[in-house]
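J.: For reference, the file my_file-v2.tsv (TSV, C-alpha atoms and all ligand atoms) is included below:
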```
chain	number	residue	atom	x	y	z
A	1	MET	CA	64.40	43.49	-51.47
A	2	SER	CA	62.54	44.64	-48.40
A	3	GLU	CA	64.24	42.44	-45.85
A	4	GLN	CA	67.55	40.75	-46.07
A	5	GLU	CA	69.91	38.90	-43.84
A	6	LEU	CA	73.48	39.81	-44.33
A	7	PRO	CA	76.00	37.76	-42.45
A	8	ILE	CA	79.42	39.31	-42.55
A	9	GLY	CA	82.30	37.19	-41.45
A	10	ALA	CA	85.62	38.89	-40.93
A	11	SER	CA	88.84	37.99	-39.34
A	12	GLY	CA	91.58	39.87	-37.57
A	13	ARG	CA	93.93	38.09	-39.93
A	14	GLU	CA	94.45	38.44	-43.65
A	15	ALA	CA	91.86	36.60	-45.76
A	16	GLY	CA	93.19	33.29	-47.00
A	17	GLN	CA	96.00	33.19	-44.47
A	18	ARG	CA	95.89	30.21	-42.13
A	19	SER	CA	94.77	31.24	-38.69
A	20	PRO	CA	97.39	30.95	-35.94
A	21	THR	CA	94.99	28.87	-33.87
A	22	ALA	CA	94.56	26.32	-36.66
A	23	ARG	CA	98.28	26.30	-37.36
A	24	ALA	CA	99.32	25.97	-33.73
A	25	GLY	CA	96.68	23.34	-33.04
A	26	GLY	CA	94.70	25.66	-30.72
A	27	VAL	CA	91.62	24.42	-32.53
A	28	GLY	CA	92.76	20.87	-33.08
A	29	LEU	CA	90.69	18.46	-35.10
A	30	GLY	CA	89.22	16.90	-31.97
A	31	ALA	CA	88.64	20.18	-30.12
A	32	ARG	CA	85.44	22.18	-30.34
A	33	LEU	CA	85.92	25.77	-31.33
A	34	ARG	CA	85.04	28.26	-28.57
A	35	TYR	CA	82.59	31.08	-29.30
A	36	GLY	CA	81.88	34.29	-27.44
A	37	VAL	CA	78.46	35.80	-28.22
A	38	ILE	CA	77.93	39.55	-27.70
A	39	GLY	CA	74.28	40.47	-27.18
A	40	TYR	CA	71.51	38.09	-26.15
A	41	SER	CA	68.04	39.39	-27.08
A	42	TYR	CA	65.41	37.97	-29.43
A	43	TRP	CA	67.67	37.12	-32.37
A	44	ASP	CA	70.67	36.15	-30.34
A	45	PRO	CA	69.27	32.85	-29.02
A	46	GLN	CA	68.70	31.75	-32.63
A	47	LEU	CA	72.31	32.52	-33.51
A	48	THR	CA	73.72	31.17	-30.27
A	49	ARG	CA	71.78	27.92	-30.57
A	50	ASN	CA	73.01	27.40	-34.12
A	51	ARG	CA	76.61	27.82	-32.97
A	52	ASP	CA	76.34	25.73	-29.83
A	53	ARG	CA	74.73	22.74	-31.47
A	54	LEU	CA	77.42	22.44	-34.12
A	55	PRO	CA	79.59	19.39	-33.47
A	56	LEU	CA	82.59	21.64	-34.15
A	57	ALA	CA	81.76	24.46	-31.78
A	58	ARG	CA	80.36	25.47	-28.41
A	59	VAL	CA	79.42	28.78	-26.84
A	60	THR	CA	81.65	29.39	-23.83
A	61	HIS	CA	81.08	33.13	-23.19
A	62	ILE	CA	78.13	35.52	-23.53
A	63	ALA	CA	78.29	39.30	-22.98
A	64	GLU	CA	74.99	41.10	-22.45
A	65	LEU	CA	74.26	44.53	-20.92
A	66	ALA	CA	70.68	43.91	-19.72
A	67	PRO	CA	70.41	41.98	-16.43
A	68	ASP	CA	67.21	40.14	-17.44
A	69	ARG	CA	68.79	38.95	-20.68
A	70	ARG	CA	71.92	37.85	-18.81
A	71	GLN	CA	69.62	35.80	-16.56
A	72	ALA	CA	68.01	34.23	-19.64
A	73	ALA	CA	71.43	33.42	-21.09
A	74	GLU	CA	72.53	31.80	-17.82
A	75	GLY	CA	69.41	29.63	-17.88
A	76	ASP	CA	69.92	28.63	-21.51
A	77	TYR	CA	73.70	28.08	-21.28
A	78	PRO	CA	74.57	27.07	-17.70
A	79	ALA	CA	78.10	26.03	-18.69
A	80	ALA	CA	78.91	29.38	-20.34
A	81	ARG	CA	80.44	32.41	-18.65
A	82	VAL	CA	77.78	35.15	-18.80
A	83	THR	CA	79.00	38.69	-18.18
A	84	GLU	CA	78.17	42.31	-18.98
A	85	SER	CA	81.75	42.91	-20.09
A	86	VAL	CA	82.59	42.63	-23.77
A	87	ALA	CA	86.26	43.11	-22.85
A	88	GLU	CA	86.12	40.01	-20.66
A	89	VAL	CA	84.73	37.90	-23.50
A	90	LEU	CA	87.25	39.22	-26.02
A	91	GLY	CA	90.08	38.87	-23.52
A	92	SER	CA	89.21	35.22	-22.91
A	93	ASP	CA	90.31	32.13	-24.83
A	94	VAL	CA	87.40	32.22	-27.31
A	95	ASP	CA	88.38	31.51	-30.91
A	96	GLY	CA	85.47	33.31	-32.55
A	97	SER	CA	82.92	35.95	-31.60
A	98	ALA	CA	79.42	36.70	-32.85
A	99	VAL	CA	78.14	40.28	-32.61
A	100	VAL	CA	74.33	40.29	-32.30
A	101	THR	CA	73.70	43.75	-30.88
A	102	PRO	CA	71.90	46.77	-32.40
A	103	ILE	CA	73.39	47.74	-35.76
A	104	ARG	CA	74.76	51.10	-34.53
A	105	THR	CA	77.11	49.19	-32.20
A	106	HIS	CA	78.41	46.74	-34.81
A	107	SER	CA	81.37	48.69	-36.11
A	108	SER	CA	82.94	49.48	-32.74
A	109	LEU	CA	82.35	45.95	-31.39
A	110	ALA	CA	83.74	44.37	-34.56
A	111	LYS	CA	86.80	46.62	-34.30
A	112	GLN	CA	87.32	45.56	-30.68
A	113	ALA	CA	87.07	41.89	-31.67
A	114	ILE	CA	89.52	42.28	-34.54
A	115	GLU	CA	91.95	44.17	-32.29
A	116	ALA	CA	91.69	41.28	-29.82
A	117	ASP	CA	92.63	38.97	-32.73
A	118	LYS	CA	89.28	37.16	-32.63
A	119	HIS	CA	87.38	36.02	-35.69
A	120	VAL	CA	84.14	37.99	-35.77
A	121	PHE	CA	80.72	37.25	-37.22
A	122	ILE	CA	78.29	40.16	-37.61
A	123	HIS	CA	74.57	39.64	-38.07
A	124	VAL	CA	72.81	42.47	-39.98
A	125	SER	CA	69.27	42.77	-41.23
A	126	TRP	CA	66.96	45.29	-42.85
A	127	LEU	CA	63.58	45.30	-41.28
A	128	SER	CA	60.23	45.53	-43.01
A	129	PRO	CA	56.80	45.80	-41.33
A	130	SER	CA	55.48	43.05	-43.58
A	131	LYS	CA	57.23	39.73	-43.80
A	132	ILE	CA	58.51	39.84	-47.35
A	133	ARG	CA	61.81	38.24	-48.08
A	134	GLY	CA	62.53	38.14	-51.72
A	135	PHE	CA	64.23	39.64	-54.67
A	136	SER	CA	64.15	39.52	-58.44
A	137	VAL	CA	67.11	39.57	-60.75
A	138	VAL	CA	66.09	40.70	-64.21
A	139	GLY	CA	68.43	39.94	-67.09
A	140	ASP	CA	68.01	40.57	-70.78
A	141	ARG	CA	67.10	36.93	-71.47
A	142	GLN	CA	65.87	35.48	-68.18
A	143	MET	CA	64.57	36.54	-64.80
A	144	VAL	CA	65.13	34.85	-61.44
A	145	VAL	CA	62.65	35.39	-58.62
A	146	TYR	CA	63.56	34.36	-55.07
A	147	ASP	CA	60.77	34.23	-52.48
A	148	ASP	CA	61.99	33.06	-49.10
A	149	VAL	CA	58.48	33.10	-47.61
A	150	ALA	CA	57.08	30.67	-50.21
A	151	ALA	CA	56.57	27.16	-48.81
A	152	THR	CA	57.67	25.60	-52.10
A	153	ASP	CA	59.23	26.91	-55.31
A	154	LYS	CA	61.37	29.46	-53.52
A	155	ILE	CA	63.39	30.05	-56.67
A	156	ARG	CA	61.80	30.39	-60.08
A	157	VAL	CA	63.63	31.03	-63.32
A	158	PHE	CA	61.52	32.72	-65.98
A	159	ASP	CA	62.69	32.15	-69.52
A	160	HIS	CA	61.17	35.39	-70.81
A	161	ASP	CA	62.66	38.14	-72.85
A	162	VAL	CA	61.74	41.13	-74.91
A	163	ASP	CA	62.34	41.65	-78.63
A	164	ALA	CA	62.70	45.26	-79.73
A	165	PRO	CA	62.30	46.06	-83.44
A	166	ASP	CA	65.55	47.22	-85.06
A	167	HIS	CA	64.22	50.41	-86.60
A	168	THR	CA	61.36	52.63	-85.54
A	169	ALA	CA	60.52	55.84	-87.37
A	170	THR	CA	58.10	57.19	-84.77
A	171	TYR	CA	57.40	56.51	-81.15
A	172	GLY	CA	54.08	54.99	-82.17
A	173	GLU	CA	55.93	52.39	-84.17
A	174	PHE	CA	58.13	51.57	-81.24
A	175	GLN	CA	56.82	48.32	-79.91
A	176	LEU	CA	58.29	45.72	-77.65
A	177	SER	CA	57.21	42.16	-78.00
A	178	TYR	CA	57.52	39.76	-75.09
A	179	ARG	CA	58.59	36.18	-75.62
A	180	TYR	CA	57.19	33.80	-73.00
A	181	GLY	CA	59.08	30.59	-72.31
A	182	ASP	CA	59.33	28.00	-69.55
A	183	ILE	CA	59.27	28.71	-65.84
A	184	VAL	CA	61.67	26.40	-64.00
A	185	SER	CA	61.80	25.88	-60.25
A	186	PRO	CA	65.02	24.04	-59.37
A	187	HIS	CA	65.00	21.67	-56.41
A	188	ILE	CA	66.94	22.98	-53.44
A	189	ASP	CA	67.51	21.02	-50.24
A	190	TRP	CA	66.12	22.99	-47.32
A	191	ALA	CA	68.34	23.82	-44.38
A	192	GLU	CA	68.01	26.46	-41.67
A	193	PRO	CA	69.96	29.45	-43.07
A	194	LEU	CA	71.37	30.46	-39.67
A	195	ALA	CA	72.69	26.92	-39.18
A	196	VAL	CA	74.30	26.90	-42.63
A	197	GLU	CA	76.07	30.22	-42.06
A	198	ALA	CA	77.15	29.23	-38.52
A	199	ARG	CA	78.66	26.01	-39.86
A	200	ASP	CA	80.46	27.73	-42.73
A	201	PHE	CA	81.88	30.43	-40.42
A	202	THR	CA	83.06	27.80	-37.93
A	203	GLU	CA	84.65	25.62	-40.61
A	204	ALA	CA	86.33	28.70	-42.08
A	205	ILE	CA	88.00	29.43	-38.74
A	206	ARG	CA	89.18	25.83	-38.42
A	207	GLU	CA	90.44	25.67	-41.99
A	208	GLY	CA	92.03	29.12	-41.93
A	209	ARG	CA	90.04	30.41	-44.90
A	210	SER	CA	87.55	33.22	-45.46
A	211	PRO	CA	83.87	32.41	-44.91
A	212	ARG	CA	81.64	32.42	-48.00
A	213	SER	CA	80.02	35.66	-46.85
A	214	ASP	CA	83.09	37.53	-45.73
A	215	GLY	CA	83.63	41.22	-45.07
A	216	ARG	CA	84.37	41.91	-48.76
A	217	GLU	CA	81.11	40.26	-49.79
A	218	GLY	CA	79.30	42.34	-47.16
A	219	LEU	CA	80.88	45.50	-48.56
A	220	ARG	CA	79.77	44.57	-52.09
A	221	VAL	CA	76.18	44.10	-50.88
A	222	VAL	CA	76.21	47.40	-48.98
A	223	ARG	CA	77.52	49.18	-52.10
A	224	VAL	CA	74.61	47.82	-54.15
A	225	LEU	CA	72.10	48.86	-51.47
A	226	GLU	CA	73.59	52.34	-51.21
A	227	ALA	CA	73.51	52.68	-55.01
A	228	ARG	CA	69.87	51.62	-54.96
A	229	ASP	CA	69.09	54.34	-52.39
A	230	ARG	CA	70.93	56.98	-54.44
A	231	SER	CA	69.07	55.86	-57.57
A	232	LEU	CA	65.69	56.02	-55.80
A	233	ALA	CA	66.50	59.48	-54.41
A	234	SER	CA	67.31	60.75	-57.89
A	235	GLY	CA	64.21	59.42	-59.61
A	236	GLY	CA	65.64	56.14	-60.83
A	237	ALA	CA	68.84	57.53	-62.34
A	238	PHE	CA	71.59	55.10	-63.34
A	239	VAL	CA	74.18	54.75	-60.58
A	240	ASP	CA	77.54	53.22	-61.39
A	241	ILE	CA	78.76	51.00	-58.57
A	242	GLY	CA	82.16	50.56	-60.18
A	243	GLN	CA	84.18	47.43	-60.69
A	244	GLU	CA	86.93	47.86	-58.16
A	245	GLU	CA	87.55	45.13	-55.60
A	246	PRO	CA	86.76	46.13	-52.01
B	301	LIG	N1	67.49	37.89	-39.06
B	301	LIG	C1	66.62	38.86	-38.92
B	301	LIG	O1	65.62	38.91	-39.59
B	301	LIG	C2	66.86	39.90	-37.88
B	301	LIG	C3	65.80	40.68	-37.43
B	301	LIG	C4	66.06	41.63	-36.45
B	301	LIG	C5	67.35	41.78	-35.96
B	301	LIG	N2	68.34	41.01	-36.43
B	301	LIG	C6	69.72	41.20	-35.96
B	301	LIG	O2	69.81	40.83	-34.60
B	301	LIG	C7	70.73	41.69	-33.96
B	301	LIG	C8	70.15	42.28	-32.73
B	301	LIG	O3	69.03	43.06	-33.09
B	301	LIG	P1	67.92	43.32	-32.03
B	301	LIG	O4	66.87	44.11	-32.70
B	301	LIG	O5	67.57	42.04	-31.32
B	301	LIG	O6	68.72	44.34	-31.05
B	301	LIG	P2	68.39	44.69	-29.56
B	301	LIG	O7	68.20	46.16	-29.47
B	301	LIG	O8	67.32	43.86	-28.99
B	301	LIG	O9	69.79	44.37	-28.85
B	301	LIG	C9	70.30	43.06	-28.78
B	301	LIG	C10	70.88	42.82	-27.38
B	301	LIG	O10	72.19	43.35	-27.37
B	301	LIG	C11	72.43	43.88	-26.06
B	301	LIG	N3	73.52	44.83	-26.19
B	301	LIG	C12	73.51	46.05	-26.76
B	301	LIG	N4	74.73	46.61	-26.69
B	301	LIG	C13	75.55	45.71	-26.08
B	301	LIG	C14	76.92	45.69	-25.73
B	301	LIG	N5	77.72	46.72	-26.01
B	301	LIG	N6	77.41	44.61	-25.10
B	301	LIG	C15	76.62	43.55	-24.82
B	301	LIG	N7	75.30	43.51	-25.11
B	301	LIG	C16	74.76	44.57	-25.74
B	301	LIG	C17	71.09	44.49	-25.68
B	301	LIG	O11	70.99	44.60	-24.25
B	301	LIG	C18	70.11	43.48	-26.25
B	301	LIG	O12	69.74	42.47	-25.32
B	301	LIG	C19	71.20	42.72	-34.98
B	301	LIG	O13	72.45	42.30	-35.48
B	301	LIG	C20	70.16	42.63	-36.06
B	301	LIG	O14	70.70	42.91	-37.30
B	301	LIG	C21	68.12	40.06	-37.36
```
Represent the supplied structure as structure tokens.
T.:
Amino acid sequence: MSEQELPIGASGREAGQRSPTARAGGVGLGARLRYGVIGYSYWDPQLTRNRDRLPLARVTHIAELAPDRRQAAEGDYPAARVTESVAEVLGSDVDGSAVVTPIRTHSSLAKQAIEADKHVFIHVSWLSPSKIRGFSVVGDRQMVVYDDVAATDKIRVFDHDVDAPDHTATYGEFQLSYRYGDIVSPHIDWAEPLAVEARDFTEAIREGRSPRSDGREGLRVVRVLEARDRSLASGGAFVDIGQEEP
């Protein structure tokens, strides 16, 4: 996996607990949820657009440190309050916030949002100089290959496995035989991923539930990536990532 998008939705409230705004009718069924976006550079317009064009949401506040980017945000969202102050955005009546700033700033900005009792969406990525977005999951009976850059057949399921002989007296006798089966590419309706995650996060706020990619899911992914790094650093050694719930 050389590049990956990792949306992490978190809330200042307990997962699964109904949000006070939903309970009190602050985000009534007819009302559009209010978003504050923090950071407005290259990626931010993609995220902001996907929030603002949802029927359920609109972007009402944008915080950005750079004057030229604030000017761009004002041009793109004339009805939104554009400011350099994160505190102003988090102190406003926004229901949710989206943090789209450099990764080193994510933890402190997310903490500020949670302390302000705002739902917070964090956009994280791992960059690669070549545009490769894919991963393979190899099981003992099948393998799944996901290639996000492929125009068609983004997911392929290989029905291959390996048969090892039961007993081998010498290494020379040790042979593995591959079994080749079907390759299946299931049909998947295409949708812009950023739009799908923006909609799920927004609906989660309104319904008072955790988003599908919540903070716990993000932690699980980070654990796997850290284990991968430790394994690579130790020559491919097995690294136990444990079973405990985050
Ligand atoms: N989906 C992808 O493939 C992909 C690729 C690259 C980056 N990203 C994500 O986009 C986000 C931004 O990355 P980037 O490379 O565009 O970063 P960047 O360095 O361009 O910064 C983003 C913007 O945030 C502003 N900013 C920084 N600190 C701020 C603060 N405290 N308050 C308000 N504004 C602040 C900066 O002025 C800048 O305009 C990150 O979350 C990153 O993970 C995603």
J.: Taking all atoms of ligand LIG 301 (chain B) that the file lists, what box with edges along x, y and z, padded by 3 Å per side, do you get, with centre and edge lengths in Å to one decimal, as JSON?
T.:
```
{"center_x": 71.7, "center_y": 42.3, "center_z": -31.9, "size_x": 18.1, "size_y": 14.8, "size_z": 21.3}
```
J.: Determine the nearest neighbour of ligand LIG 301 (chain B) from the options A:Gly181, A:Pro67, A:Pro102, A:Pro78, counting all atoms listed in the file.
T.: A:Pro102
J.: Compile the contact shell of A:Arg199 as a PDB file with C-alpha atoms, keeping the file's coordinate frame: residues with an atom at most 9 Å away, counting all atoms listed in the file, same-chain residues fewer than 6 positions apart removed.
T.:
```
ATOM      1  CA  ASN A  50      73.010  27.400 -34.120  1.00  0.00           C
ATOM      2  CA  ARG A  51      76.610  27.820 -32.970  1.00  0.00           C
ATOM      3  CA  LEU A  54      77.420  22.440 -34.120  1.00  0.00           C
ATOM      4  CA  LEU A  56      82.590  21.640 -34.150  1.00  0.00           C
ATOM      5  CA  ALA A  57      81.760  24.460 -31.780  1.00  0.00           C
TER       6      ALA A  57
END
```
J.: Taking all atoms listed in the file and a cut-off of 6 Å, can you tell me which residues surround ligand LIG 301 (chain B), written as a list of chain:residue names?
T.: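 Final answer, ordered by chain and number: A:Glu5, A:Ile38, A:Gly39, A:Tyr40, A:Ser41, A:Tyr42, A:Trp43, A:Ala63, A:Glu64, A:Leu65, A:Ala66, A:Arg69, A:Val86, A:Val100, A:Thr101, A:Pro102, A:Ile103, A:His123, A:Val124, A:Ser125.
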J.: Considering all atoms listed in the file, state which residue in the set A:Asp214, A:Asp140, A:Asp182, A:Asp240 is at the smallest distance from A:Arg156.
T.: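 Looking at the shortest contact to A:Arg156, the residue is A:Asp182.
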J.: Given all atoms listed in the file as the basis, pick out the residue of A:Val82, A:Gly235, A:Ile122, A:Ile241 nearest to A:Arg220.
T.: A:Ile241
J.: Which residues are near A:Arg228? Cut-off 10 Å, all atoms listed in the file, ignore same chain within fewer than 5 positions. Put them as a ChimeraX atom specification.
T.: /A:222-223,233-234,236-239,241
J.: Distance cut-off 10 Å, centre (54.4, 33.3, -49.7) in file coordinates, counting all atoms listed in the file: which residues qualify? Return them as a ChimeraX atom specification.
T.: /A:131-134,147-154
J.: Ranking A:Asp52, A:Val221, A:Val145, A:Glu207 by minimum distance to A:Ser185 and counting only C-alpha atoms, which one comes first?
T.: A:Val145
J.: In Å, rounded to a single decimal, give me how far atom CA of A:Lys111 is from atom CA of A:Gly36.
T.: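 Value for the atom CA of A:Gly36-atom CA of A:Lys111 distance: 14.9 Å.
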J.: I'd like to know which of A:Val89, A:Ala204, A:Ala198, A:Val94 is closest to A:Gln46, using all atoms listed in the file.
T.: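 Of A:Val89, A:Ala204, A:Ala198, A:Val94, the one nearest A:Gln46, counting all atoms listed in the file, is A:Ala198.
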J.: Write out as a list in words which residues come within 6 Å of A:Gly96 when counting all atoms listed in the file, dropping same-chain ones fewer than 3 positions away.
T.: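 Once the nearby chain positions are removed, what remains is Tyr35, Lys118, His119 and Val120 of chain A.
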J.: Generate the output file for the selected residues, C-alpha atoms, as a PDB file, in the frame of the given file.
T.:
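What ended up in part-v8.pdb:
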```
ATOM      1  CA  TYR A  35      82.590  31.080 -29.300  1.00  0.00           C
ATOM      2  CA  LYS A 118      89.280  37.160 -32.630  1.00  0.00           C
ATOM      3  CA  HIS A 119      87.380  36.020 -35.690  1.00  0.00           C
ATOM      4  CA  VAL A 120      84.140  37.990 -35.770  1.00  0.00           C
TER       5      VAL A 120
END
```
J.: One decimal, in Å: what's the spacing between atom CA of A:Ile62 and atom CA of A:Glu84?
T.: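 Pair atom CA of A:Ile62 / atom CA of A:Glu84 returns 8.2 Å.
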J.: Using only C-alpha atoms, which residue out of A:Ser136, A:Glu88, A:Ser108, A:Leu194 lies closest to A:Thr48?
T.: A:Leu194
